[in-house]
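Undergrad: Dropping in target08.txt, which is compact mmCIF, C-alpha atoms:
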```
# COMPACT_ATOMS: atom_id res chain seq x y z
CA MET A 1 63.65 20.64 49.91
CA SER A 2 64.54 24.19 48.98
CA LEU A 3 67.23 25.96 50.93
CA THR A 4 65.59 27.91 53.69
CA GLU A 5 66.99 31.12 54.94
CA TYR A 6 66.62 30.25 58.60
CA VAL A 7 68.09 27.07 59.98
CA VAL A 8 67.05 27.75 63.56
CA GLU A 9 63.89 29.57 64.60
CA ILE A 10 62.94 29.66 68.21
CA SER A 11 60.09 31.72 69.52
CA ASP A 12 58.84 32.49 72.99
CA VAL A 13 60.55 29.56 74.69
CA TYR A 14 60.10 29.08 78.42
CA LYS A 15 61.87 26.58 80.61
CA THR A 16 61.69 26.21 84.36
CA TYR A 17 63.45 23.52 86.28
CA MET A 18 63.75 22.53 89.88
CA MET A 19 67.03 22.74 91.69
CA GLY A 20 66.25 20.96 94.90
CA LYS A 21 63.19 22.85 96.10
CA ILE A 22 63.95 26.08 94.27
CA GLU A 23 62.33 26.86 90.92
CA ILE A 24 64.82 28.20 88.40
CA HIS A 25 63.27 30.19 85.57
CA ALA A 26 66.06 29.46 83.14
CA LEU A 27 64.36 30.75 79.99
CA GLN A 28 61.65 33.39 80.06
CA GLY A 29 60.50 33.92 76.51
CA ILE A 30 63.50 33.53 74.25
CA THR A 31 63.03 34.40 70.58
CA PHE A 32 65.60 34.51 67.78
CA LYS A 33 66.36 33.25 64.29
CA ILE A 34 69.63 32.06 62.85
CA LYS A 35 70.42 32.05 59.13
CA ARG A 36 72.06 29.24 57.28
CA GLY A 37 75.83 29.59 57.29
CA GLU A 38 75.91 32.12 60.10
CA TYR A 39 78.34 32.12 62.99
CA VAL A 40 76.38 33.19 66.04
CA SER A 41 77.54 33.50 69.61
CA ILE A 42 75.13 33.42 72.49
CA MET A 43 76.75 35.43 75.24
CA GLY A 44 75.88 36.26 78.78
CA PRO A 45 77.04 35.79 82.34
CA SER A 46 76.89 32.33 83.86
CA GLY A 47 73.40 31.44 84.99
CA SER A 48 71.87 33.58 82.26
CA GLY A 49 70.43 30.56 80.46
CA LYS A 50 73.04 29.98 77.74
CA SER A 51 73.37 26.28 78.38
CA THR A 52 69.61 25.87 78.63
CA ILE A 53 69.30 27.51 75.20
CA PHE A 54 71.99 25.14 73.94
CA ASN A 55 70.06 22.13 75.25
CA ALA A 56 66.76 23.45 73.87
CA VAL A 57 68.07 24.20 70.38
CA GLY A 58 69.91 20.88 70.30
CA GLY A 59 66.86 18.87 71.24
CA LEU A 60 68.69 17.61 74.31
CA ASP A 61 66.05 18.73 76.75
CA ILE A 62 62.33 19.40 76.69
CA VAL A 63 61.11 22.98 77.06
CA ASP A 64 57.93 24.01 78.85
CA SER A 65 56.47 26.13 76.07
CA GLY A 66 57.36 27.89 72.86
CA GLU A 67 58.38 26.66 69.46
CA ILE A 68 61.72 25.44 68.17
CA PHE A 69 62.22 24.85 64.48
CA ILE A 70 65.41 23.24 63.22
CA ASP A 71 65.64 23.28 59.45
CA GLN A 72 61.89 23.96 59.35
CA VAL A 73 61.12 20.95 61.52
CA ASP A 74 59.20 21.54 64.75
CA ILE A 75 61.14 19.46 67.21
CA ALA A 76 58.25 19.31 69.67
CA GLU A 77 56.41 17.10 67.21
CA LEU A 78 59.17 14.56 66.74
CA ASP A 79 59.03 11.12 68.31
CA ALA A 80 62.05 9.57 70.02
CA TYR A 81 63.37 8.04 66.83
CA GLU A 82 63.03 11.22 64.78
CA LEU A 83 64.68 13.20 67.54
CA ALA A 84 67.61 10.78 67.62
CA TRP A 85 67.85 11.09 63.86
CA LEU A 86 67.92 14.89 64.15
CA ARG A 87 70.71 14.75 66.74
CA ASN A 88 72.56 12.29 64.60
CA ARG A 89 72.33 13.95 61.19
CA LYS A 90 71.32 17.57 61.58
CA ILE A 91 73.19 18.73 64.65
CA GLY A 92 76.77 18.30 65.82
CA TYR A 93 77.52 18.96 69.48
CA ILE A 94 80.65 20.28 71.09
CA PHE A 95 80.83 20.47 74.86
CA GLN A 96 82.87 22.30 77.43
CA THR A 97 84.00 18.98 78.91
CA PHE A 98 84.55 17.37 75.47
CA ASN A 99 82.39 14.34 76.40
CA LEU A 100 84.35 11.85 74.34
CA LEU A 101 83.93 8.13 74.86
CA LEU A 102 86.98 7.38 76.96
CA ALA A 103 87.23 3.72 76.00
CA PHE A 104 87.54 4.51 72.30
CA SER A 105 90.37 5.92 70.22
CA ALA A 106 90.08 9.31 68.53
CA GLN A 107 89.13 7.64 65.28
CA GLU A 108 86.50 5.41 66.90
CA ASN A 109 85.03 8.43 68.66
CA VAL A 110 84.59 10.16 65.32
CA GLU A 111 83.13 6.97 63.86
CA THR A 112 80.42 6.40 66.48
CA PRO A 113 77.86 8.87 65.04
CA MET A 114 78.37 7.18 61.68
CA VAL A 115 77.67 3.78 63.25
CA PHE A 116 74.30 5.11 64.41
CA ALA A 117 73.77 6.58 60.94
CA GLY A 118 74.26 3.12 59.47
CA LEU A 119 77.38 3.79 57.41
CA PRO A 120 79.38 0.71 56.39
CA ARG A 121 82.65 0.18 58.22
CA GLU A 122 85.04 1.01 55.37
CA GLU A 123 83.25 4.26 54.71
CA ARG A 124 83.41 5.16 58.41
CA ARG A 125 87.15 4.51 58.45
CA LYS A 126 87.73 6.69 55.43
CA LYS A 127 85.57 9.57 56.56
CA SER A 128 86.84 9.63 60.15
CA LYS A 129 90.40 9.75 58.83
CA GLU A 130 89.50 12.66 56.58
CA LEU A 131 87.77 14.57 59.40
CA LEU A 132 90.70 14.06 61.75
CA ARG A 133 92.98 15.36 59.02
CA ILE A 134 90.82 18.51 58.75
CA VAL A 135 91.18 19.17 62.49
CA GLY A 136 94.90 18.42 62.27
CA LEU A 137 95.02 15.19 64.25
CA GLU A 138 95.73 12.58 61.60
CA HIS A 139 98.84 11.53 63.53
CA ARG A 140 96.89 10.90 66.78
CA MET A 141 94.05 8.80 65.37
CA LYS A 142 94.81 5.71 67.44
CA ASN A 143 95.19 7.62 70.72
CA LYS A 144 92.51 7.47 73.37
CA PRO A 145 91.19 10.72 74.89
CA GLY A 146 93.30 10.15 78.01
CA GLN A 147 96.43 10.34 75.88
CA LEU A 148 95.46 13.64 74.26
CA SER A 149 95.70 17.22 75.55
CA GLY A 150 92.57 19.24 76.20
CA GLY A 151 92.88 21.09 72.91
CA GLN A 152 93.39 17.86 71.01
CA GLN A 153 90.39 16.29 72.71
CA GLN A 154 88.28 19.26 71.74
CA ARG A 155 89.44 18.90 68.15
CA VAL A 156 88.41 15.23 68.20
CA ALA A 157 85.04 16.39 69.51
CA ILE A 158 84.81 18.88 66.62
CA ALA A 159 85.61 16.12 64.13
CA ARG A 160 82.94 13.96 65.75
CA ALA A 161 80.42 16.80 65.55
CA LEU A 162 81.04 16.97 61.79
CA ALA A 163 80.74 13.21 61.25
CA ASN A 164 77.37 13.21 59.51
CA ASP A 165 77.65 16.61 57.79
CA PRO A 166 75.27 18.40 60.16
CA ALA A 167 73.37 21.54 59.22
CA ILE A 168 74.28 23.10 62.55
CA VAL A 169 77.19 22.75 64.93
CA LEU A 170 76.29 23.68 68.48
CA ALA A 171 79.09 24.44 70.87
CA ASP A 172 78.56 24.92 74.61
CA GLU A 173 81.50 26.84 76.10
CA PRO A 174 83.93 25.10 73.75
CA THR A 175 86.92 27.07 75.02
CA ALA A 176 86.14 27.25 78.74
CA ASN A 177 88.38 24.33 79.70
CA LEU A 178 91.24 25.39 77.45
CA ASP A 179 94.09 27.85 77.91
CA LEU A 180 94.22 31.04 75.89
CA ALA A 181 96.31 29.79 72.97
CA THR A 182 94.49 26.46 72.65
CA GLY A 183 91.18 28.25 72.94
CA LEU A 184 92.17 30.48 70.04
CA GLU A 185 93.13 27.44 67.98
CA VAL A 186 89.71 25.93 68.56
CA ILE A 187 88.00 29.20 67.69
CA ASP A 188 90.06 29.49 64.50
CA LEU A 189 89.14 25.94 63.57
CA LEU A 190 85.43 26.62 64.10
CA LYS A 191 85.65 29.78 62.00
CA LYS A 192 87.49 27.90 59.28
CA LEU A 193 84.77 25.26 59.15
CA ASN A 194 82.16 28.00 59.05
CA LEU A 195 83.85 29.74 56.11
CA GLU A 196 85.05 26.75 54.12
CA GLN A 197 82.24 24.26 54.64
CA GLY A 198 79.44 26.74 55.23
CA THR A 199 78.47 25.05 58.49
CA THR A 200 76.16 27.07 60.69
CA ILE A 201 77.85 27.45 64.04
CA ILE A 202 76.16 28.47 67.25
CA THR A 203 78.24 28.84 70.37
CA ALA A 204 77.09 29.52 73.90
CA THR A 205 80.03 31.22 75.51
CA HIS A 206 81.33 33.96 77.70
CA ASP A 207 84.68 33.93 75.95
CA LEU A 208 85.06 37.43 74.52
CA LYS A 209 87.51 36.12 71.90
CA MET A 210 84.44 34.75 70.11
CA ILE A 211 83.16 38.27 69.37
CA ASN A 212 85.81 38.88 66.72
CA ILE A 213 84.71 36.02 64.55
CA SER A 214 80.96 35.90 65.13
CA ASP A 215 78.61 37.31 62.53
CA ARG A 216 76.10 38.13 65.21
CA ILE A 217 76.02 38.06 68.97
CA ILE A 218 72.92 37.29 70.98
CA TRP A 219 73.29 38.74 74.44
CA VAL A 220 71.30 36.86 77.05
CA ARG A 221 70.49 38.05 80.53
CA ASP A 222 68.25 36.40 83.13
CA GLY A 223 66.70 34.02 80.65
CA ARG A 224 65.78 36.76 78.16
CA VAL A 225 67.38 38.03 74.99
CA ASP A 226 68.94 41.31 76.02
CA ARG A 227 69.95 42.46 72.53
CA ILE A 228 71.13 41.04 69.24
CA GLU A 229 74.09 42.77 67.62
CA ASP A 230 76.02 42.45 64.40
CA ARG A 231 79.74 42.26 64.87
CA ALA A 232 80.28 45.75 63.44
CA ASP A 233 77.98 47.27 66.03
CA VAL A 234 79.77 45.49 68.87
CA GLN A 235 83.06 46.98 67.87
CA ILE A 236 81.57 50.44 67.70
CA SER A 237 79.92 50.11 71.08
CA ALA A 238 83.14 48.78 72.55
CA ILE A 239 85.02 51.83 71.33
CA SER A 240 82.48 54.43 72.36
CA MET B 1 54.93 16.49 60.88
CA SER B 2 56.62 13.36 59.79
CA LEU B 3 60.17 13.29 58.55
CA ASP B 4 59.65 10.13 56.56
CA LEU B 5 62.89 8.55 57.74
CA PRO B 6 64.42 5.24 56.79
CA GLU B 7 63.98 2.36 59.23
CA PRO B 8 66.46 2.53 62.10
CA HIS B 9 69.06 -0.12 61.85
CA PHE B 10 71.89 -1.11 64.10
CA PRO B 11 73.27 -4.38 62.81
CA LEU B 12 74.27 -7.06 65.27
CA SER B 13 77.83 -6.98 64.01
CA ASP B 14 78.12 -3.33 65.04
CA VAL B 15 76.50 -4.01 68.43
CA LEU B 16 78.97 -6.80 69.10
CA TYR B 17 81.87 -4.77 67.75
CA LEU B 18 81.14 -1.76 69.97
CA SER B 19 80.37 -3.74 73.10
CA PHE B 20 83.37 -5.99 72.68
CA SER B 21 85.63 -2.95 72.22
CA ASN B 22 84.13 -1.50 75.37
CA ILE B 23 84.93 -4.62 77.37
CA ARG B 24 88.44 -4.80 75.97
CA ARG B 25 89.20 -1.12 76.47
CA ARG B 26 87.90 -1.14 80.02
CA PHE B 27 89.67 -4.38 80.64
CA PHE B 28 90.48 -3.90 84.30
CA ARG B 29 86.93 -2.85 85.18
CA SER B 30 85.55 -5.73 83.13
CA VAL B 31 87.76 -8.21 84.97
CA ILE B 32 86.51 -6.91 88.32
CA THR B 33 82.89 -7.18 87.17
CA ALA B 34 83.51 -10.67 85.79
CA LEU B 35 85.18 -11.67 89.06
CA GLY B 36 82.07 -10.59 90.94
CA ILE B 37 79.98 -12.86 88.73
CA ILE B 38 82.46 -15.74 88.94
CA LEU B 39 82.60 -15.51 92.72
CA GLY B 40 78.84 -15.48 93.15
CA ILE B 41 78.26 -18.36 90.77
CA ALA B 42 81.19 -20.40 92.08
CA PHE B 43 79.97 -20.06 95.65
CA MET B 44 76.48 -21.12 94.72
CA SER B 45 77.49 -24.00 92.48
CA ALA B 46 80.05 -25.28 95.01
CA LEU B 47 77.43 -25.49 97.74
CA LEU B 48 74.84 -26.99 95.39
CA THR B 49 77.35 -29.60 94.25
CA ASN B 50 78.28 -30.35 97.83
CA SER B 51 74.65 -30.94 98.82
CA LEU B 52 74.10 -32.98 95.71
CA THR B 53 77.11 -35.18 96.40
CA LEU B 54 76.07 -35.68 99.99
CA GLY B 55 72.60 -36.57 98.81
CA LEU B 56 73.93 -39.09 96.35
CA MET B 57 76.12 -40.69 99.00
CA ARG B 58 73.33 -40.66 101.57
CA ALA B 59 73.89 -44.31 102.35
CA GLU B 60 76.44 -43.14 104.86
CA THR B 61 75.35 -39.63 105.89
CA GLY B 62 72.06 -37.82 105.41
CA VAL B 63 71.69 -34.32 104.05
CA GLU B 64 71.78 -32.21 107.13
CA ALA B 65 69.54 -29.23 107.72
CA TYR B 66 72.43 -26.78 107.68
CA GLN B 67 73.10 -27.77 104.07
CA TYR B 68 69.78 -26.26 103.03
CA TRP B 69 70.67 -23.12 104.90
CA LEU B 70 73.97 -22.89 103.11
CA VAL B 71 72.36 -23.32 99.72
CA GLY B 72 69.83 -20.65 100.55
CA ILE B 73 72.54 -18.27 101.65
CA SER B 74 74.65 -19.03 98.59
CA LEU B 75 71.73 -18.12 96.35
CA ILE B 76 71.31 -14.80 98.14
CA VAL B 77 75.05 -14.05 97.94
CA CYS B 78 75.09 -14.92 94.26
CA PHE B 79 72.04 -12.78 93.44
CA GLY B 80 73.31 -9.88 95.51
CA GLY B 81 76.84 -10.05 94.18
CA ILE B 82 75.93 -10.16 90.51
CA THR B 83 73.19 -7.55 90.78
CA ASN B 84 75.52 -5.24 92.64
CA SER B 85 78.36 -5.62 90.14
CA MET B 86 76.14 -4.92 87.17
CA LEU B 87 74.24 -2.04 88.77
CA MET B 88 77.54 -0.36 89.59
CA ALA B 89 78.90 -1.02 86.13
CA VAL B 90 75.93 0.72 84.49
CA ASN B 91 75.57 3.48 87.05
CA GLU B 92 79.09 4.76 86.58
CA ARG B 93 78.39 5.09 82.86
CA VAL B 94 75.26 7.23 82.80
CA LYS B 95 77.26 10.13 81.35
CA GLU B 96 78.47 7.85 78.59
CA ILE B 97 74.83 7.00 77.87
CA GLY B 98 74.20 10.75 77.58
CA VAL B 99 76.99 11.02 75.01
CA TYR B 100 75.55 8.12 73.01
CA LYS B 101 72.19 9.88 72.99
CA CYS B 102 73.70 13.18 71.85
CA ILE B 103 75.36 11.60 68.86
CA GLY B 104 72.18 9.95 67.73
CA GLY B 105 71.87 6.67 69.61
CA LEU B 106 68.30 5.47 70.16
CA ASP B 107 67.32 4.25 73.61
CA SER B 108 67.06 0.77 72.18
CA HIS B 109 70.54 1.02 70.65
CA ILE B 110 72.03 1.95 73.99
CA VAL B 111 70.17 -0.76 75.88
CA ARG B 112 71.28 -3.29 73.26
CA LEU B 113 74.90 -2.22 73.65
CA PHE B 114 74.81 -2.65 77.40
CA ILE B 115 72.92 -5.94 77.24
CA ALA B 116 75.43 -7.33 74.74
CA GLU B 117 78.24 -6.42 77.09
CA ALA B 118 76.42 -7.95 80.05
CA LEU B 119 75.72 -11.16 78.13
CA MET B 120 79.37 -11.55 77.21
CA LEU B 121 80.40 -11.06 80.82
CA GLY B 122 77.55 -13.24 82.08
CA ILE B 123 78.42 -16.16 79.82
CA LEU B 124 82.11 -15.91 80.58
CA GLY B 125 81.60 -15.46 84.32
CA GLY B 126 78.90 -18.11 84.48
CA THR B 127 80.98 -20.72 82.65
CA LEU B 128 84.13 -20.13 84.65
CA GLY B 129 82.21 -19.76 87.92
CA SER B 130 80.18 -22.95 87.53
CA PHE B 131 83.25 -24.89 86.46
CA ILE B 132 85.29 -23.71 89.43
CA GLY B 133 82.37 -24.10 91.82
CA ILE B 134 81.41 -27.62 90.78
CA SER B 135 85.03 -28.76 90.88
CA MET B 136 85.39 -27.34 94.37
CA GLY B 137 82.10 -28.84 95.50
CA ILE B 138 83.40 -32.26 94.48
CA ALA B 139 86.86 -31.63 95.91
CA ILE B 140 85.46 -30.78 99.34
CA ASN B 141 83.90 -34.24 99.51
CA LEU B 142 87.18 -35.98 98.90
CA ASN B 143 87.78 -35.34 102.60
CA ARG B 144 84.75 -37.33 103.50
CA PHE B 145 84.71 -40.10 100.93
CA SER B 146 87.45 -41.96 99.16
CA PHE B 147 87.93 -41.20 95.49
CA GLU B 148 87.07 -44.83 94.65
CA ASP B 149 83.66 -44.50 96.31
CA LEU B 150 82.90 -41.08 94.93
CA TYR B 151 83.94 -41.46 91.32
CA PRO B 152 81.45 -44.13 90.15
CA VAL B 153 78.53 -42.37 91.86
CA LEU B 154 79.39 -39.09 90.15
CA MET B 155 79.84 -40.75 86.78
CA GLU B 156 76.45 -42.40 87.15
CA ASN B 157 74.92 -39.02 87.81
CA LEU B 158 76.92 -37.07 85.26
CA SER B 159 73.73 -35.78 83.63
CA VAL B 160 72.68 -34.24 86.96
CA LEU B 161 76.01 -32.45 87.20
CA ILE B 162 75.67 -31.16 83.64
CA LEU B 163 72.17 -30.01 84.49
CA LEU B 164 73.56 -28.19 87.51
CA PHE B 165 76.16 -26.57 85.30
CA GLY B 166 73.46 -25.42 82.92
CA PHE B 167 71.33 -24.13 85.77
CA CYS B 168 74.18 -22.01 87.13
CA LEU B 169 74.97 -20.65 83.69
CA VAL B 170 71.34 -19.68 83.11
CA ILE B 171 71.16 -17.98 86.51
CA SER B 172 74.32 -16.06 85.72
CA VAL B 173 73.20 -14.88 82.29
CA ALA B 174 69.68 -14.04 83.43
CA LEU B 175 70.86 -12.07 86.44
CA THR B 176 73.53 -10.10 84.61
CA ALA B 177 71.13 -9.26 81.80
CA LEU B 178 68.34 -8.21 84.16
CA ALA B 179 70.60 -6.23 86.47
CA THR B 180 71.89 -4.38 83.41
CA PHE B 181 68.62 -3.93 81.59
CA ILE B 182 66.81 -2.13 84.40
CA PRO B 183 69.36 0.63 85.11
CA ALA B 184 70.40 0.95 81.45
CA LYS B 185 66.79 1.39 80.36
CA ARG B 186 66.23 3.93 83.12
CA ALA B 187 69.34 5.89 82.13
CA ALA B 188 68.50 5.72 78.43
CA ASN B 189 65.07 7.19 79.19
CA LEU B 190 66.63 10.35 80.61
CA SER B 191 66.88 13.28 78.24
CA PRO B 192 70.46 13.63 76.95
CA ALA B 193 70.94 16.82 78.94
CA GLU B 194 69.90 15.08 82.16
CA ALA B 195 72.12 12.10 81.49
CA LEU B 196 75.12 14.36 80.83
CA ARG B 197 74.50 16.28 84.05
CA TYR B 198 74.21 13.06 86.04
CA GLU B 199 76.63 12.74 88.94
CA ASN B 200 77.14 9.44 90.67
```
Re-express the file's structure as C-alpha cells.

TA:
Amino acid sequence: MSLTEYVVEISDVYKTYMMGKIEIHALQGITFKIKRGEYVSIMGPSGSGKSTIFNAVGGLDIVDSGEIFIDQVDIAELDAYELAWLRNRKIGYIFQTFNLLLAFSAQENVETPMVFAGLPREERRKKSKELLRIVGLEHRMKNKPGQLSGGQQQRVAIARALANDPAIVLADEPTANLDLATGLEVIDLLKKLNLEQGTTIITATHDLKMINISDRIIWVRDGRVDRIEDRADVQISAIS
Amino acid sequence: MSLDLPEPHFPLSDVLYLSFSNIRRRFFRSVITALGIILGIAFMSALLTNSLTLGLMRAETGVEAYQYWLVGISLIVCFGGITNSMLMAVNERVKEIGVYKCIGGLDSHIVRLFIAEALMLGILGGTLGSFIGISMGIAINLNRFSFEDLYPVLMENLSVLILLFGFCLVISVALTALATFIPAKRAANLSPAEALRYEN
C-alpha cells in the first residue's frame, strides 16, 4: 500500500448519547483530516466533545453518523475482529487514568498487546525491554503499576501504546493526572517519539503546554470544530 | 472493505499463562473467591455424604425427612455462594476488560481468559471442597455409629463415594464456569469506551 497523506479522515460525525434521561449532543458534525507524522492537539473546554472524538477516532465507540477513515480504512465497515486488529496494530492508546493492568508488571503490561498480536514470547520480552528503555524505565520493568509514580505509569502506558508499531498514537488528557514537571516530561517524550519515530500523535487535551509542540491545534467547542490553527498562528494570536 | 487479515490466534499456552498470572498476582482476592467455592461445595458434599451414610446404615435408623431438607438447602447455598463469588469477581473487573479490548483483545479472547481463570479456581475449590466435605460428612457419623460398624459399609460403597466426589467436582466446575461466562460475555460485548467508563 502506498503511503497516504492522511492517516485520519473524519467527516461530518455526529454522536448523541443519553445521560440518564438527558440527551447529550456530544458531536455535531465534526470534520478534519490529520496527516501522517503530524502532532495534533484537540483542544477545548471540558464537555466540548474531546473525549468523544478520541473514542470515535480510536474505534472505541460507535458514532451515529458520519465517516471515519483510519489509514484509508472505513472503520464503520469493519467487523469485530477487524476492529480489534485495528486497535491492536494501528492505534496506540494513552489515557488520563493510565489504565494499566494492575496485576501485571510494567514489562507484562507492555507485552499484552503483543500477546494479542501473536508474537512469540522471546520476541515480546525483547521488544518490551527495548520500549521500556526508550521511555526511560528499564530499571523498573518488574514493578507493578502500584509501585510506580503517576509519571512512570504514564510512561509504561506510552510504551504499551507503541508495542505493535501503531500508525497513530491517541492520547486522551495524558497529562491531566500529572503534576507540572511530570506532565512536561510526558509531553517531551511524546514529541520525541513523534520526531524520531515519525509516529502520528493526536492528543485530546486542555493542557496549554501542548500548544508549543503541536503542529496543529483543532479547537473544539460544543461538539463542533471551532477552528484549526497551525502552531505559528496560535503564537501570533496569543501575542496580539 | 475487507482487510484480508490473518486468522486470529490466541494459543492455549498464552491463555493459561495470562490467567495463571492473574490468579497469582491477585492472590488474596483469588483465595477469597476459592474459599467461597470451597465452602459451598464442602457444605453440600458434607450433607450429601451424611444422608448417604445414614441411608447405607438404615438398618438402625431411617433417612429422616429433615435430611432431604438439609440437602436441598445445601444445594441452594452452594449454587448461591459460587455464583455470587464469581459474579463479583468478574463485575469488579469490567474496566480491565475495557483495557483488554483497547489493546486489541477480541471478545472471545477475553471470555477465554476469564473462563480459564474460573476453571482453575473451580477445579481447585471443587477438589478441596469435596474432599473436606466428604470427610466431614463421614466424621459426623462417628458420633452415631462405631468406627468398626461404619468402616466396612463405606469400603463396600467406595464407588458411590467416588461418584459423589465426582458429582461435587462437576457441579463446582460447571457453576464457576457458567457464573463467569455470563457476566464476562456481557462485559466483553460492551464497546471499549463503555467498559472503561463502567463504575461498579

Undergrad: Please report, as a tab-separated table, each residue of range 34-149 of chain B lying at most 10 Å from range 99-106 of chain A, together with the nearest pair of atoms and the separation in Å rounded to one decimal; use all atoms listed in the file, and order rows by chain and ascending residue number.

TA:
```
residue	atom	partner	partner_atom	distance
B:Lys95	CA	A:Asn99	CA	8.3
B:Glu96	CA	A:Leu101	CA	6.6
B:Ile97	CA	A:Leu101	CA	9.7
B:Gly98	CA	A:Asn99	CA	9.0
B:Val99	CA	A:Asn99	CA	6.5
B:Tyr100	CA	A:Leu101	CA	8.6
B:Cys102	CA	A:Asn99	CA	9.9
```

Undergrad: Pull out every residue of chain B sitting within 12 Å of chain A, counting all atoms listed in the file, and send them as a ChimeraX atom specification.

TA: /B:1-15,17-30,93-110,113,188-197

Undergrad: Can you list, as a PyMOL selection string, every protein, DNA or RNA residue that comes within 8 Å of range 26-35 of chain A when you count only C-alpha atoms, leaving out same-chain residues fewer than 4 positions away?

TA: chain A and resi 5-17+40+47-49+52-53+66+200+222-225

Undergrad: Rank nothing, just name the residue among B:Met88, B:Leu48, B:Leu124, B:Ala34 nearest to Leu161 in chain B, using all atoms listed in the file.

TA: B:Leu48

Undergrad: Separation of CA of Phe95 in chain A and CA of Glu38 in chain A, in Å?

TA: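 That distance, rounded to one decimal, is 19.4 Å.
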
Undergrad: Mind giving me the axis-aligned box for range 154-172 of chain B with 6 Å on every side, centre plus edges in Å to one decimal, as AutoDock Vina command-line options?

TA:
```
--center_x 75.5 --center_y -29.2 --center_z 86.5 --size_x 20.7 --size_y 38.3 --size_z 19.2
```

Undergrad: Suppose you want the space between CA of Ala42 in chain B and CA of Asn84 in chain B; what is it in Å?

TA: 16.2 Å

Undergrad: Quick check, in Å to one decimal: how far apart do CA of Leu180 in chain A and CA of Gly151 in chain A lie?

TA: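 These two atoms are separated by 10.5 Å.
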
Undergrad: Using all atoms listed in the file, give me every residue within 6 Å of (73.2, 23.3, 59.7) in file coordinates, as a list in words.

TA: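 Every residue inside that radius is included here: Pro166, Ala167, Ile168, Thr199 and Thr200 of chain A.
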
Undergrad: What's the 12 Å shell around Thr33 in chain B, counting only C-alpha atoms, without same-chain residues fewer than 2 positions away, as a PDB file with C-alpha atoms, keeping the file's coordinate frame?

TA:
```pdb
ATOM      1  CA  ILE B  23      84.930  -4.620  77.370  1.00  0.00           C
ATOM      2  CA  ARG B  26      87.900  -1.140  80.020  1.00  0.00           C
ATOM      3  CA  PHE B  27      89.670  -4.380  80.640  1.00  0.00           C
ATOM      4  CA  PHE B  28      90.480  -3.900  84.300  1.00  0.00           C
ATOM      5  CA  ARG B  29      86.930  -2.850  85.180  1.00  0.00           C
ATOM      6  CA  SER B  30      85.550  -5.730  83.130  1.00  0.00           C
ATOM      7  CA  VAL B  31      87.760  -8.210  84.970  1.00  0.00           C
ATOM      8  CA  LEU B  35      85.180 -11.670  89.060  1.00  0.00           C
ATOM      9  CA  GLY B  36      82.070 -10.590  90.940  1.00  0.00           C
ATOM     10  CA  ILE B  37      79.980 -12.860  88.730  1.00  0.00           C
ATOM     11  CA  ILE B  38      82.460 -15.740  88.940  1.00  0.00           C
ATOM     12  CA  LEU B  39      82.600 -15.510  92.720  1.00  0.00           C
ATOM     13  CA  GLY B  40      78.840 -15.480  93.150  1.00  0.00           C
ATOM     14  CA  GLY B  81      76.840 -10.050  94.180  1.00  0.00           C
ATOM     15  CA  ILE B  82      75.930 -10.160  90.510  1.00  0.00           C
ATOM     16  CA  THR B  83      73.190  -7.550  90.780  1.00  0.00           C
ATOM     17  CA  ASN B  84      75.520  -5.240  92.640  1.00  0.00           C
ATOM     18  CA  SER B  85      78.360  -5.620  90.140  1.00  0.00           C
ATOM     19  CA  MET B  86      76.140  -4.920  87.170  1.00  0.00           C
ATOM     20  CA  LEU B  87      74.240  -2.040  88.770  1.00  0.00           C
ATOM     21  CA  MET B  88      77.540  -0.360  89.590  1.00  0.00           C
ATOM     22  CA  ALA B  89      78.900  -1.020  86.130  1.00  0.00           C
ATOM     23  CA  VAL B  90      75.930   0.720  84.490  1.00  0.00           C
ATOM     24  CA  GLU B 117      78.240  -6.420  77.090  1.00  0.00           C
ATOM     25  CA  ALA B 118      76.420  -7.950  80.050  1.00  0.00           C
ATOM     26  CA  MET B 120      79.370 -11.550  77.210  1.00  0.00           C
ATOM     27  CA  LEU B 121      80.400 -11.060  80.820  1.00  0.00           C
ATOM     28  CA  GLY B 122      77.550 -13.240  82.080  1.00  0.00           C
ATOM     29  CA  LEU B 124      82.110 -15.910  80.580  1.00  0.00           C
ATOM     30  CA  GLY B 125      81.600 -15.460  84.320  1.00  0.00           C
ATOM     31  CA  GLY B 126      78.900 -18.110  84.480  1.00  0.00           C
ATOM     32  CA  THR B 176      73.530 -10.100  84.610  1.00  0.00           C
ATOM     33  CA  THR B 180      71.890  -4.380  83.410  1.00  0.00           C
TER      34      THR B 180
END
```
